[in-house]
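Asker: What follows is coords16.cif; its format and atoms are mmCIF, C-alpha atoms.
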```cif
data_final
loop_
_atom_site.label_atom_id
_atom_site.label_comp_id
_atom_site.auth_asym_id
_atom_site.auth_seq_id
_atom_site.Cartn_x
_atom_site.Cartn_y
_atom_site.Cartn_z
CA MET A 1 110.83 93.56 110.85
CA ARG A 2 112.12 94.52 107.41
CA GLU A 3 110.02 95.80 104.53
CA GLU A 4 111.34 96.58 101.05
CA VAL A 5 109.24 98.78 98.77
CA TYR A 6 110.27 99.21 95.14
CA MET A 7 108.67 101.99 93.09
CA ALA A 8 108.95 102.37 89.33
CA GLY A 9 107.57 104.61 86.61
CA MET A 10 108.50 107.27 84.11
CA GLY A 11 110.28 110.45 85.10
CA GLY A 12 107.74 113.08 86.10
CA GLN A 13 105.24 110.61 87.58
CA GLY A 14 106.36 111.32 91.12
CA VAL A 15 108.21 108.10 91.96
CA LEU A 16 110.95 109.95 93.85
CA LEU A 17 108.56 112.23 95.73
CA ALA A 18 106.32 109.35 96.82
CA SER A 19 109.33 107.36 97.95
CA GLN A 20 110.78 110.33 99.88
CA ILE A 21 107.47 110.80 101.66
CA LEU A 22 107.28 107.11 102.56
CA ALA A 23 110.88 107.17 103.82
CA GLN A 24 110.27 110.31 105.90
CA ALA A 25 107.07 108.86 107.39
CA ALA A 26 108.90 105.68 108.41
CA MET A 27 111.79 107.67 109.95
CA SER A 28 109.35 109.85 111.89
CA ALA A 29 107.69 106.65 113.15
CA GLY A 30 111.05 105.64 114.65
CA LEU A 31 112.09 103.09 112.05
CA GLU A 32 115.43 102.77 110.26
CA VAL A 33 115.26 103.68 106.58
CA SER A 34 117.31 103.46 103.41
CA TRP A 35 116.23 105.47 100.35
CA PHE A 36 117.90 104.45 97.08
CA PRO A 37 116.77 106.28 93.92
CA LEU A 38 117.84 105.48 90.36
CA TYR A 39 116.77 107.39 87.29
CA SER A 40 117.73 108.07 83.71
CA PRO A 41 119.18 111.46 82.75
CA GLU A 42 116.10 112.73 80.86
CA VAL A 43 114.14 115.49 82.60
CA ARG A 44 110.81 113.96 81.61
CA GLY A 45 109.93 110.67 79.95
CA GLY A 46 112.91 108.65 81.14
CA TRP A 47 112.59 105.99 83.80
CA ALA A 48 112.70 106.40 87.56
CA THR A 49 112.92 103.77 90.27
CA CYS A 50 113.46 103.89 93.99
CA THR A 51 113.90 101.32 96.70
CA VAL A 52 112.84 102.18 100.24
CA VAL A 53 113.97 99.69 102.88
CA VAL A 54 112.34 100.07 106.29
CA ALA A 55 113.41 98.08 109.33
CA ASP A 56 113.24 98.13 113.10
CA GLY A 57 117.02 97.57 113.17
CA GLU A 58 119.94 98.59 110.98
CA VAL A 59 119.43 98.42 107.22
CA GLY A 60 122.42 96.50 105.90
CA SER A 61 121.98 97.25 102.21
CA PRO A 62 119.66 99.42 100.17
CA VAL A 63 119.91 97.01 97.22
CA VAL A 64 117.07 94.50 96.99
CA GLY A 65 116.82 91.74 94.40
CA HIS A 66 113.29 90.58 95.18
CA PRO A 67 111.32 93.21 97.10
CA ALA A 68 108.31 92.41 99.26
CA ALA A 69 106.25 95.25 97.79
CA MET A 70 106.06 97.33 94.63
CA ILE A 71 104.28 100.43 93.45
CA LEU A 72 104.20 100.39 89.66
CA MET A 73 103.05 103.53 87.86
CA ASP A 74 102.60 102.30 84.27
CA LYS A 75 102.68 99.36 81.85
CA ILE A 76 106.42 99.58 81.19
CA ALA A 77 107.12 99.45 84.93
CA VAL A 78 104.89 96.36 85.22
CA GLU A 79 106.59 94.67 82.26
CA ASN A 80 110.09 95.42 83.55
CA HIS A 81 109.67 94.88 87.28
CA LEU A 82 106.66 92.77 88.34
CA GLY A 83 108.62 89.58 87.74
CA LYS A 84 111.12 90.62 90.44
CA ILE A 85 108.70 90.78 93.35
CA ARG A 86 108.96 87.87 95.75
CA PRO A 87 106.12 85.33 95.92
CA GLU A 88 103.39 86.38 98.36
CA GLY A 89 104.46 90.00 97.84
CA LEU A 90 102.24 93.03 97.34
CA ALA A 91 102.04 95.04 94.10
CA ILE A 92 100.09 98.28 93.80
CA VAL A 93 99.57 98.90 90.08
CA ASN A 94 98.14 101.91 88.24
CA SER A 95 95.58 100.10 86.09
CA SER A 96 94.80 103.33 84.22
CA LEU A 97 98.14 102.90 82.42
CA ALA A 98 98.95 99.22 82.95
CA GLY A 99 95.63 97.43 82.53
CA GLU A 100 94.45 94.70 84.87
CA GLU A 101 95.95 91.51 83.43
CA PHE A 102 99.20 90.32 84.97
CA ASP A 103 101.45 87.30 84.63
CA ARG A 104 101.72 86.67 88.37
CA ASP A 105 99.22 84.69 90.42
CA ASP A 106 101.53 84.21 93.40
CA VAL A 107 101.48 87.93 94.30
CA ARG A 108 98.74 90.08 95.83
CA ILE A 109 98.08 92.67 93.12
CA ILE A 110 95.92 95.68 93.78
CA ALA A 111 95.07 97.31 90.46
CA ILE A 112 93.76 100.81 91.05
CA PRO A 113 92.74 103.23 88.28
CA ALA A 114 94.97 105.90 89.80
CA ASN A 115 94.75 108.37 86.91
CA ASP A 116 90.94 108.28 87.11
CA VAL A 117 90.96 108.63 90.90
CA ALA A 118 93.45 111.51 90.74
CA THR A 119 91.31 113.29 88.15
CA GLU A 120 88.25 112.89 90.41
CA VAL A 121 90.27 114.39 93.28
CA GLY A 122 91.05 117.39 91.11
CA SER A 123 94.58 116.91 89.79
CA GLU A 124 96.03 114.16 87.62
CA ARG A 125 99.42 115.12 89.07
CA THR A 126 98.43 113.33 92.30
CA VAL A 127 98.55 109.82 90.79
CA ASN A 128 101.62 109.05 92.92
CA MET A 129 99.72 109.99 96.09
CA VAL A 130 96.74 107.83 95.11
CA LEU A 131 99.08 104.85 94.71
CA LEU A 132 100.95 105.66 97.93
CA GLY A 133 97.65 105.86 99.81
CA ALA A 134 96.68 102.45 98.41
CA TYR A 135 100.02 101.03 99.54
CA VAL A 136 99.67 102.49 103.05
CA ALA A 137 96.19 100.99 103.43
CA SER A 138 97.39 97.61 102.15
CA ALA A 139 100.73 97.23 103.89
CA GLU A 140 100.07 98.94 107.22
CA LEU A 141 103.75 99.83 107.54
CA VAL A 142 103.00 103.44 108.47
CA THR A 143 99.71 105.28 108.91
CA LEU A 144 98.06 107.83 106.66
CA ALA A 145 98.64 110.36 109.45
CA ASP A 146 102.38 109.56 109.27
CA ILE A 147 102.31 110.11 105.50
CA GLU A 148 100.35 113.37 105.81
CA GLN A 149 102.90 114.69 108.31
CA ALA A 150 105.75 113.61 106.02
CA LEU A 151 104.14 115.59 103.19
CA ARG A 152 104.53 118.73 105.29
CA GLU A 153 108.16 117.89 106.02
CA VAL A 154 109.21 116.89 102.48
CA ILE A 155 107.34 119.38 100.33
CA PRO A 156 108.97 122.83 100.33
CA GLU A 157 106.96 125.47 102.16
CA ARG A 158 106.38 127.42 98.95
CA HIS A 159 104.34 124.42 97.70
CA HIS A 160 102.34 123.81 100.88
CA SER A 161 99.21 125.07 99.10
CA PHE A 162 99.24 121.71 97.24
CA ILE A 163 99.16 119.65 100.44
CA PRO A 164 95.33 119.49 100.75
CA ILE A 165 94.87 118.00 97.28
CA ASN A 166 97.70 115.52 97.92
CA VAL A 167 96.10 114.51 101.23
CA ALA A 168 92.78 114.04 99.43
CA ALA A 169 94.52 111.81 96.86
CA LEU A 170 96.19 109.75 99.62
CA GLN A 171 92.85 109.28 101.35
CA ARG A 172 91.08 108.29 98.13
CA GLY A 173 93.78 105.72 97.34
CA ALA A 174 93.44 104.22 100.82
CA GLN A 175 89.64 104.32 100.54
CA TYR A 176 89.79 102.50 97.20
CA VAL A 177 91.67 99.61 98.81
CA THR A 178 89.27 99.50 101.77
CA ASN A 179 86.24 99.46 99.46
CA HIS A 180 87.67 96.73 97.18
CA ARG A 181 88.87 94.15 99.70
#
```
What would you get if you wrote out this structure as structure tokens?

Answerer:
Amino acid sequence: MREEVYMAGMGGQGVLLASQILAQAAMSAGLEVSWFPLYSPEVRGGWATCTVVVADGEVGSPVVGHPAAMILMDKIAVENHLGKIRPEGLAIVNSSLAGEEFDRDDVRIIAIPANDVATEVGSERTVNMVLLGAYVASAELVTLADIEQALREVIPERHHSFIPINVAALQRGAQYVTNHR
């Protein structure tokens, strides 16, 4: 088994945090993981991408030309990266910022209004967790329980008060996928 997940968005949208949490959850589940972030030098507003490769054996390379799955946070990420996903792949797209019309009909695209869902949860800063929850429910690579535990391991203890709202966002993202199958 080998799964490649590519995440892309603007700096500050939580691409790196979501990818770290996914990587930690997969490691805790006993899988081999490679985490490969790339980002522009701006503090906010630049671009951020990350590739997480998960396998049941050694991961030979963290570089992936045509990933099996993507989480795309905004319209620019869709425009720049959706064309790279392999046919029959899975794309989780934030339709709040990217719309719902895409140039790919050979890919399973789940368009979720993540900004709206995050606002309903109580914090627009949890958009990344809404999208991660949608991915977890769609891909079944790790469980939501694995992701929730990884939150506790990745987020510094001084920020643990934010875990409940992040868990709520994860659950709502997963619930959205379940309700829209």

Asker: Using the chain letters and numbers from this file, what does the PyMOL selection byres ((chain A and resi 45) around 12) select? Give the answer as a PyMOL selection string.

Answerer: chain A and resi 9-14+39-44+46-48+74+76

Asker: Can you turn the PyMOL selection byres ((chain A and resi 159-174) around 8) into a concrete residue list for this file, as a PyMOL selection string?

Answerer: chain A and resi 112+114+117-118+121-123+126-127+129-138+144+148+151-152+155-158+175-178

Asker: Which residue out of A:Ala55, A:Leu97, A:Ala26, A:Ala145 has the minimum interatomic distance to Met73 of chain A when all atoms listed in the file are used?

Answerer: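 Residue with the minimum atom-to-atom distance to Met73 of chain A: A:Leu97.
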
Asker: Quick check on the file I pasted: which residues fall under the PyMOL selection byres ((chain A and resi 110) around 6)? Write them as a ChimeraX atom specification.

Answerer: /A:92,109,111

Asker: If I take atom CA of Ala91 of chain A and atom CA of Val107 of chain A, how far is one from the other in Å, to one decimal?

Answerer: 7.1 Å

Asker: At what distance in Å, to one decimal, does atom CA of Met7 of chain A lie from atom CA of Arg104 of chain A?

Answerer: 17.5 Å

Asker: Would you compute the distance between atom CA of Glu79 of chain A and atom CA of Asn179 of chain A? Give it in Å to one decimal.

Answerer: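 So the answer is 27.1 Å.
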
Asker: Under the rule that only C-alpha atoms are counted, which of A:Arg2, A:Lys75, A:His66, A:Arg125 is the nearest residue to Val54 of chain A?

Answerer: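 Closest candidate: A:Arg2.
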
Asker: Quick one: residues within 10 Å of Leu31 of chain A, only C-alpha atoms counted, chain neighbours fewer than 6 positions away excluded, as a ChimeraX atom specification?

Answerer: /A:1-2,23-25,53-59,142

Asker: Tell me which of A:Leu141, A:Ala29, A:Val93, A:Ile21 sits closest to Glu4 of chain A, counting all atoms listed in the file.

Answerer: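 Checking each of A:Leu141, A:Ala29, A:Val93, A:Ile21 against Glu4 of chain A, counting all atoms listed in the file, the winner is A:Leu141.
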
Asker: Please produce segment 30-57 of chain A, completed to N, CA and C atoms, as a tab-separated table (two decimals), keeping the file's coordinate frame.

Answerer:
```
chain	number	residue	atom	x	y	z
A	30	GLY	N	110.00	106.26	113.85
A	30	GLY	CA	111.05	105.64	114.65
A	30	GLY	C	111.71	104.44	114.01
A	31	LEU	N	111.49	104.23	112.73
A	31	LEU	CA	112.09	103.09	112.05
A	31	LEU	C	113.37	103.50	111.32
A	32	GLU	N	114.21	102.54	111.04
A	32	GLU	CA	115.43	102.77	110.26
A	32	GLU	C	115.05	102.70	108.79
A	33	VAL	N	115.66	103.57	107.97
A	33	VAL	CA	115.26	103.68	106.58
A	33	VAL	C	116.46	103.84	105.67
A	34	SER	N	116.37	103.22	104.50
A	34	SER	CA	117.31	103.46	103.41
A	34	SER	C	116.49	103.87	102.20
A	35	TRP	N	116.91	104.96	101.54
A	35	TRP	CA	116.23	105.47	100.35
A	35	TRP	C	117.24	105.43	99.22
A	36	PHE	N	116.93	104.67	98.15
A	36	PHE	CA	117.90	104.45	97.08
A	36	PHE	C	117.26	104.71	95.72
A	37	PRO	N	117.37	105.96	95.22
A	37	PRO	CA	116.77	106.28	93.92
A	37	PRO	C	117.71	105.99	92.76
A	38	LEU	N	117.13	105.62	91.64
A	38	LEU	CA	117.84	105.48	90.36
A	38	LEU	C	116.96	106.07	89.28
A	39	TYR	N	117.57	106.81	88.37
A	39	TYR	CA	116.77	107.39	87.29
A	39	TYR	C	117.65	107.70	86.11
A	40	SER	N	117.00	107.74	84.94
A	40	SER	CA	117.73	108.07	83.71
A	40	SER	C	117.93	109.57	83.63
A	41	PRO	N	118.82	110.05	82.75
A	41	PRO	CA	119.18	111.46	82.75
A	41	PRO	C	118.13	112.40	82.13
A	42	GLU	N	117.11	111.86	81.46
A	42	GLU	CA	116.10	112.73	80.86
A	42	GLU	C	115.34	113.48	81.95
A	43	VAL	N	114.92	114.70	81.64
A	43	VAL	CA	114.14	115.49	82.60
A	43	VAL	C	112.74	114.90	82.72
A	44	ARG	N	112.13	114.58	81.63
A	44	ARG	CA	110.81	113.96	81.61
A	44	ARG	C	110.83	112.82	80.60
A	45	GLY	N	110.08	111.76	80.91
A	45	GLY	CA	109.93	110.67	79.95
A	45	GLY	C	110.93	109.55	80.10
A	46	GLY	N	111.98	109.74	80.87
A	46	GLY	CA	112.91	108.65	81.14
A	46	GLY	C	112.31	107.75	82.21
A	47	TRP	N	113.08	106.87	82.75
A	47	TRP	CA	112.59	105.99	83.80
A	47	TRP	C	113.07	106.45	85.15
A	48	ALA	N	112.33	106.09	86.17
A	48	ALA	CA	112.70	106.40	87.56
A	48	ALA	C	112.31	105.21	88.42
A	49	THR	N	113.21	104.81	89.30
A	49	THR	CA	112.92	103.77	90.27
A	49	THR	C	113.47	104.21	91.62
A	50	CYS	N	112.94	103.62	92.66
A	50	CYS	CA	113.46	103.89	93.99
A	50	CYS	C	113.15	102.70	94.88
A	51	THR	N	114.10	102.35	95.70
A	51	THR	CA	113.90	101.32	96.70
A	51	THR	C	113.92	101.98	98.07
A	52	VAL	N	112.90	101.72	98.85
A	52	VAL	CA	112.84	102.18	100.24
A	52	VAL	C	112.86	100.92	101.11
A	53	VAL	N	113.87	100.81	101.94
A	53	VAL	CA	113.97	99.69	102.88
A	53	VAL	C	113.70	100.24	104.26
A	54	VAL	N	112.75	99.63	104.95
A	54	VAL	CA	112.34	100.07	106.29
A	54	VAL	C	112.54	98.89	107.23
A	55	ALA	N	113.16	99.15	108.37
A	55	ALA	CA	113.41	98.08	109.33
A	55	ALA	C	113.36	98.62	110.75
A	56	ASP	N	113.19	97.71	111.69
A	56	ASP	CA	113.24	98.13	113.10
A	56	ASP	C	114.66	98.02	113.66
A	57	GLY	N	115.60	97.60	112.83
A	57	GLY	CA	117.02	97.57	113.17
A	57	GLY	C	117.81	98.17	112.01
```
